[in-house]
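J.: My structure file data_34.cif, mmCIF, N, CA and C atoms, is below:
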data_structure
#
loop_
_atom_site.label_atom_id
_atom_site.label_comp_id
_atom_site.auth_asym_id
_atom_site.auth_seq_id
_atom_site.Cartn_x
_atom_site.Cartn_y
_atom_site.Cartn_z
N MET O 1 81.30 92.20 103.99
CA MET O 1 80.90 92.89 105.20
C MET O 1 79.94 94.03 104.82
N THR O 2 78.84 94.12 105.51
CA THR O 2 77.88 95.19 105.25
C THR O 2 78.01 96.27 106.31
N GLU O 3 77.37 97.41 106.06
CA GLU O 3 77.42 98.49 107.04
C GLU O 3 76.77 98.09 108.35
N HIS O 4 75.91 97.09 108.34
CA HIS O 4 75.21 96.68 109.56
C HIS O 4 76.00 95.69 110.41
N ASP O 5 77.17 95.26 109.92
CA ASP O 5 78.00 94.35 110.70
C ASP O 5 78.58 95.06 111.93
N HIS O 6 78.67 96.36 111.86
CA HIS O 6 79.21 97.15 112.98
C HIS O 6 78.21 98.24 113.29
N GLU O 7 77.30 97.96 114.16
CA GLU O 7 76.22 98.89 114.49
C GLU O 7 76.55 99.77 115.68
N ASN O 8 77.82 100.10 115.87
CA ASN O 8 78.11 100.98 117.00
C ASN O 8 78.56 102.35 116.52
N ARG O 9 78.29 103.33 117.33
CA ARG O 9 78.54 104.73 116.99
C ARG O 9 80.01 105.01 116.72
N GLY O 10 80.90 104.43 117.54
CA GLY O 10 82.32 104.67 117.36
C GLY O 10 82.85 104.17 116.03
N TYR O 11 82.42 102.99 115.64
CA TYR O 11 82.85 102.44 114.35
C TYR O 11 82.36 103.31 113.21
N ARG O 12 81.10 103.71 113.26
CA ARG O 12 80.54 104.55 112.20
C ARG O 12 81.24 105.90 112.13
N ARG O 13 81.58 106.46 113.30
CA ARG O 13 82.25 107.76 113.31
C ARG O 13 83.63 107.65 112.69
N LEU O 14 84.33 106.56 112.95
CA LEU O 14 85.69 106.40 112.45
C LEU O 14 85.72 105.98 110.99
N PHE O 15 84.84 105.06 110.58
CA PHE O 15 84.92 104.47 109.25
C PHE O 15 83.72 104.77 108.36
N GLY O 16 82.73 105.51 108.85
CA GLY O 16 81.49 105.67 108.13
C GLY O 16 81.49 106.67 106.99
N GLY O 17 82.44 107.54 106.92
CA GLY O 17 82.42 108.56 105.87
C GLY O 17 83.69 108.55 105.06
N ASP O 18 83.79 109.52 104.19
CA ASP O 18 84.97 109.64 103.33
C ASP O 18 85.98 110.65 103.87
N GLY O 19 85.65 111.33 104.97
CA GLY O 19 86.53 112.36 105.50
C GLY O 19 87.66 111.80 106.33
N LEU O 20 88.60 112.67 106.63
CA LEU O 20 89.73 112.33 107.47
C LEU O 20 89.28 112.23 108.92
N THR O 21 89.75 111.21 109.64
CA THR O 21 89.44 111.06 111.05
C THR O 21 90.74 111.11 111.85
N PHE O 22 90.61 111.44 113.13
CA PHE O 22 91.77 111.57 114.00
C PHE O 22 91.62 110.68 115.22
N GLY O 23 92.72 110.11 115.66
CA GLY O 23 92.72 109.28 116.85
C GLY O 23 93.93 109.59 117.71
N ALA O 24 93.93 109.05 118.91
CA ALA O 24 95.04 109.21 119.85
C ALA O 24 95.39 107.86 120.42
N GLY O 25 96.67 107.64 120.68
CA GLY O 25 97.13 106.39 121.27
C GLY O 25 97.34 106.51 122.76
N PHE O 26 97.01 105.46 123.48
CA PHE O 26 97.21 105.40 124.92
C PHE O 26 98.56 104.77 125.22
N PRO O 27 99.20 105.08 126.34
CA PRO O 27 98.72 105.99 127.36
C PRO O 27 98.83 107.44 126.92
N LEU O 28 97.95 108.26 127.44
CA LEU O 28 97.92 109.68 127.10
C LEU O 28 98.69 110.54 128.09
N THR O 29 98.97 110.03 129.27
CA THR O 29 99.57 110.84 130.33
C THR O 29 101.04 111.13 130.12
N GLY O 30 101.72 110.38 129.28
CA GLY O 30 103.13 110.64 129.01
C GLY O 30 104.07 110.26 130.15
N VAL O 31 103.60 109.46 131.08
CA VAL O 31 104.45 109.03 132.19
C VAL O 31 105.26 107.81 131.76
N PRO O 32 106.48 107.65 132.30
CA PRO O 32 107.32 106.54 131.88
C PRO O 32 106.90 105.18 132.47
N GLU O 33 106.00 105.17 133.43
CA GLU O 33 105.59 103.89 134.02
C GLU O 33 104.82 103.07 132.99
N SER O 34 104.89 101.76 133.13
CA SER O 34 104.18 100.91 132.17
C SER O 34 102.69 100.82 132.47
N THR O 35 102.27 101.22 133.67
CA THR O 35 100.85 101.20 134.00
C THR O 35 100.43 102.57 134.52
N PRO O 36 100.00 103.45 133.63
CA PRO O 36 99.58 104.79 134.06
C PRO O 36 98.31 104.73 134.90
N ASP O 37 98.04 105.80 135.60
CA ASP O 37 96.86 105.91 136.46
C ASP O 37 95.59 105.79 135.61
N PRO O 38 94.77 104.75 135.84
CA PRO O 38 93.56 104.57 135.03
C PRO O 38 92.60 105.76 135.10
N ALA O 39 92.45 106.37 136.26
CA ALA O 39 91.53 107.50 136.39
C ALA O 39 91.98 108.67 135.52
N ALA O 40 93.29 108.92 135.46
CA ALA O 40 93.82 110.00 134.62
C ALA O 40 93.60 109.68 133.15
N GLU O 41 93.78 108.42 132.77
CA GLU O 41 93.57 108.03 131.38
C GLU O 41 92.10 108.19 130.98
N VAL O 42 91.18 107.83 131.88
CA VAL O 42 89.75 107.98 131.59
C VAL O 42 89.39 109.45 131.43
N ARG O 43 89.94 110.31 132.29
CA ARG O 43 89.68 111.75 132.16
C ARG O 43 90.17 112.27 130.81
N LEU O 44 91.37 111.87 130.42
CA LEU O 44 91.92 112.32 129.14
C LEU O 44 91.13 111.76 127.96
N ALA O 45 90.70 110.51 128.05
CA ALA O 45 89.90 109.91 126.99
C ALA O 45 88.56 110.63 126.85
N THR O 46 87.94 110.96 127.96
CA THR O 46 86.69 111.70 127.94
C THR O 46 86.88 113.07 127.29
N HIS O 47 87.98 113.71 127.63
CA HIS O 47 88.28 115.02 127.03
C HIS O 47 88.55 114.88 125.53
N ALA O 48 89.31 113.86 125.15
CA ALA O 48 89.61 113.66 123.73
C ALA O 48 88.33 113.47 122.93
N GLU O 49 87.39 112.72 123.45
CA GLU O 49 86.11 112.53 122.77
C GLU O 49 85.35 113.85 122.70
N ALA O 50 85.37 114.61 123.78
CA ALA O 50 84.63 115.88 123.82
C ALA O 50 85.16 116.90 122.82
N VAL O 51 86.46 116.88 122.54
CA VAL O 51 87.02 117.84 121.60
C VAL O 51 87.06 117.32 120.16
N GLY O 52 86.52 116.12 119.95
CA GLY O 52 86.33 115.65 118.58
C GLY O 52 87.21 114.55 118.06
N PHE O 53 88.05 113.94 118.90
CA PHE O 53 88.82 112.81 118.40
C PHE O 53 87.87 111.69 118.02
N ASP O 54 88.18 110.98 116.95
CA ASP O 54 87.30 109.95 116.44
C ASP O 54 87.63 108.56 117.00
N ALA O 55 88.84 108.35 117.47
CA ALA O 55 89.25 107.02 117.94
C ALA O 55 90.28 107.15 119.05
N LEU O 56 90.32 106.16 119.90
CA LEU O 56 91.35 106.04 120.93
C LEU O 56 91.89 104.62 120.84
N TRP O 57 93.20 104.49 120.71
CA TRP O 57 93.83 103.18 120.60
C TRP O 57 94.66 102.91 121.85
N ALA O 58 94.60 101.69 122.32
CA ALA O 58 95.39 101.27 123.48
C ALA O 58 96.32 100.13 123.08
N ARG O 59 97.52 100.18 123.58
CA ARG O 59 98.45 99.08 123.31
C ARG O 59 98.19 97.94 124.27
N ASP O 60 98.60 96.77 123.90
CA ASP O 60 98.41 95.63 124.82
C ASP O 60 99.73 95.22 125.42
#
Written as structure tokens, how would this file's structure read?
T.:
Amino acid sequence: MTEHDHENRGYRRLFGGDGLTFGAGFPLTGVPESTPDPAAEVRLATHAEAVGFDALWARD
């Protein structure tokens, strides 16, 4: 695999350097329901990116 196999910014930010990266797992709202409010999750994901998180993971 070459560095050009993944030409997206998110991949490069997470795996492109030798430094430590941070991520967060979804759902972020902490509610006990199995399907949290999508709008709230998008707001939190946007905030997580803005404050420097490198990755967001979602369960299936």
J.: Record the distance separating atom CA of O:Glu49 and atom CA of O:Thr35, expressed in Å with one decimal.
T.: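 That distance, rounded to one decimal, is 21.7 Å.
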J.: I need the output of the PyMOL selection byres (((chain O and resi 21-23 and name CA) around 12) and name CA) for this file as a list of chain:residue names; which residues are they?
T.: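 This file gives the following for the PyMOL selection byres (((chain O and resi 21-23 and name CA) around 12) and name CA): O:Gly10, O:Tyr11, O:Arg12, O:Arg13, O:Leu14, O:Phe15, O:Gly16, O:Gly17, O:Asp18, O:Gly19, O:Leu20, O:Ala24, O:Gly25, O:Phe26, O:Leu28, O:Ala45, O:Ala48, O:Glu49, O:Val51, O:Gly52, O:Phe53, O:Asp54, O:Ala55, O:Leu56, O:Trp57, O:Ala58.
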J.: Please define a box with edges along x, y and z of the file around all atoms of stretch 47-58 of chain O given in the file, extend it by 3 Å on each side, and return its centre and edge lengths in Å to one decimal, as AutoDock Vina command-line options.
T.:
--center_x 90.5 --center_y 109.0 --center_z 122.0 --size_x 17.7 --size_y 23.7 --size_z 17.2
J.: Could you work out how far atom N of O:Arg9 lies from atom C of O:Val42, giving the answer in Å with one decimal?
T.: 19.0 Å
J.: Expressed in Å to a single decimal, how great is the separation between atom N of O:Arg43 and atom CA of O:Asn8?
T.: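 Computed distance, atom N of O:Arg43 to atom CA of O:Asn8, equals 21.5 Å.
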J.: Output requested as a PDB file, keeping the file's coordinate frame - stretch 14-25 of chain O, filled out with all heavy atoms.
T.:
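Contents of the output file selection-v2.pdb:
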ATOM      1  N   LEU O  14      84.330 106.560 112.950  1.00  0.00           N
ATOM      2  CA  LEU O  14      85.690 106.400 112.450  1.00  0.00           C
ATOM      3  C   LEU O  14      85.720 105.980 110.990  1.00  0.00           C
ATOM      4  O   LEU O  14      86.510 106.483 110.204  1.00  0.00           O
ATOM      5  CB  LEU O  14      86.450 105.391 113.301  1.00  0.00           C
ATOM      6  CG  LEU O  14      87.931 105.231 113.008  1.00  0.00           C
ATOM      7  CD1 LEU O  14      88.665 106.547 113.206  1.00  0.00           C
ATOM      8  CD2 LEU O  14      88.532 104.158 113.896  1.00  0.00           C
ATOM      9  N   PHE O  15      84.840 105.060 110.580  1.00  0.00           N
ATOM     10  CA  PHE O  15      84.920 104.470 109.250  1.00  0.00           C
ATOM     11  C   PHE O  15      83.720 104.770 108.360  1.00  0.00           C
ATOM     12  O   PHE O  15      83.671 104.331 107.217  1.00  0.00           O
ATOM     13  CB  PHE O  15      85.081 102.952 109.355  1.00  0.00           C
ATOM     14  CG  PHE O  15      86.338 102.538 110.053  1.00  0.00           C
ATOM     15  CD1 PHE O  15      86.285 101.971 111.310  1.00  0.00           C
ATOM     16  CD2 PHE O  15      87.570 102.720 109.452  1.00  0.00           C
ATOM     17  CE1 PHE O  15      87.445 101.572 111.958  1.00  0.00           C
ATOM     18  CE2 PHE O  15      88.733 102.335 110.097  1.00  0.00           C
ATOM     19  CZ  PHE O  15      88.669 101.759 111.349  1.00  0.00           C
ATOM     20  N   GLY O  16      82.730 105.510 108.850  1.00  0.00           N
ATOM     21  CA  GLY O  16      81.490 105.670 108.130  1.00  0.00           C
ATOM     22  C   GLY O  16      81.490 106.670 106.990  1.00  0.00           C
ATOM     23  O   GLY O  16      80.621 106.628 106.136  1.00  0.00           O
ATOM     24  N   GLY O  17      82.440 107.540 106.920  1.00  0.00           N
ATOM     25  CA  GLY O  17      82.420 108.560 105.870  1.00  0.00           C
ATOM     26  C   GLY O  17      83.690 108.550 105.060  1.00  0.00           C
ATOM     27  O   GLY O  17      84.572 107.710 105.238  1.00  0.00           O
ATOM     28  N   ASP O  18      83.790 109.520 104.190  1.00  0.00           N
ATOM     29  CA  ASP O  18      84.970 109.640 103.330  1.00  0.00           C
ATOM     30  C   ASP O  18      85.980 110.650 103.870  1.00  0.00           C
ATOM     31  O   ASP O  18      87.044 110.816 103.306  1.00  0.00           O
ATOM     32  CB  ASP O  18      84.557 110.073 101.923  1.00  0.00           C
ATOM     33  CG  ASP O  18      83.802 108.983 101.192  1.00  0.00           C
ATOM     34  OD1 ASP O  18      84.018 107.801 101.500  1.00  0.00           O
ATOM     35  OD2 ASP O  18      82.985 109.327 100.322  1.00  0.00           O
ATOM     36  N   GLY O  19      85.650 111.330 104.970  1.00  0.00           N
ATOM     37  CA  GLY O  19      86.530 112.360 105.500  1.00  0.00           C
ATOM     38  C   GLY O  19      87.660 111.800 106.330  1.00  0.00           C
ATOM     39  O   GLY O  19      87.694 110.636 106.707  1.00  0.00           O
ATOM     40  N   LEU O  20      88.600 112.670 106.630  1.00  0.00           N
ATOM     41  CA  LEU O  20      89.730 112.330 107.470  1.00  0.00           C
ATOM     42  C   LEU O  20      89.280 112.230 108.920  1.00  0.00           C
ATOM     43  O   LEU O  20      88.501 113.055 109.393  1.00  0.00           O
ATOM     44  CB  LEU O  20      90.801 113.424 107.333  1.00  0.00           C
ATOM     45  CG  LEU O  20      92.099 113.249 108.102  1.00  0.00           C
ATOM     46  CD1 LEU O  20      92.853 112.023 107.579  1.00  0.00           C
ATOM     47  CD2 LEU O  20      92.962 114.492 107.938  1.00  0.00           C
ATOM     48  N   THR O  21      89.750 111.210 109.640  1.00  0.00           N
ATOM     49  CA  THR O  21      89.440 111.060 111.050  1.00  0.00           C
ATOM     50  C   THR O  21      90.740 111.110 111.850  1.00  0.00           C
ATOM     51  O   THR O  21      91.819 110.849 111.323  1.00  0.00           O
ATOM     52  CB  THR O  21      88.700 109.736 111.337  1.00  0.00           C
ATOM     53  OG1 THR O  21      89.494 108.643 110.879  1.00  0.00           O
ATOM     54  CG2 THR O  21      87.352 109.699 110.640  1.00  0.00           C
ATOM     55  N   PHE O  22      90.610 111.440 113.130  1.00  0.00           N
ATOM     56  CA  PHE O  22      91.770 111.570 114.000  1.00  0.00           C
ATOM     57  C   PHE O  22      91.620 110.680 115.220  1.00  0.00           C
ATOM     58  O   PHE O  22      90.529 110.539 115.767  1.00  0.00           O
ATOM     59  CB  PHE O  22      91.936 113.024 114.484  1.00  0.00           C
ATOM     60  CG  PHE O  22      92.360 113.948 113.387  1.00  0.00           C
ATOM     61  CD1 PHE O  22      91.419 114.611 112.636  1.00  0.00           C
ATOM     62  CD2 PHE O  22      93.696 114.135 113.114  1.00  0.00           C
ATOM     63  CE1 PHE O  22      91.799 115.463 111.617  1.00  0.00           C
ATOM     64  CE2 PHE O  22      94.095 114.979 112.095  1.00  0.00           C
ATOM     65  CZ  PHE O  22      93.137 115.642 111.349  1.00  0.00           C
ATOM     66  N   GLY O  23      92.720 110.110 115.660  1.00  0.00           N
ATOM     67  CA  GLY O  23      92.720 109.280 116.850  1.00  0.00           C
ATOM     68  C   GLY O  23      93.930 109.590 117.710  1.00  0.00           C
ATOM     69  O   GLY O  23      94.846 110.303 117.299  1.00  0.00           O
ATOM     70  N   ALA O  24      93.930 109.050 118.910  1.00  0.00           N
ATOM     71  CA  ALA O  24      95.040 109.210 119.850  1.00  0.00           C
ATOM     72  C   ALA O  24      95.390 107.860 120.420  1.00  0.00           C
ATOM     73  O   ALA O  24      94.524 107.025 120.644  1.00  0.00           O
ATOM     74  CB  ALA O  24      94.662 110.173 120.968  1.00  0.00           C
ATOM     75  N   GLY O  25      96.670 107.640 120.680  1.00  0.00           N
ATOM     76  CA  GLY O  25      97.130 106.390 121.270  1.00  0.00           C
ATOM     77  C   GLY O  25      97.340 106.510 122.760  1.00  0.00           C
ATOM     78  O   GLY O  25      97.789 107.543 123.253  1.00  0.00           O
TER      79      GLY O  25
END
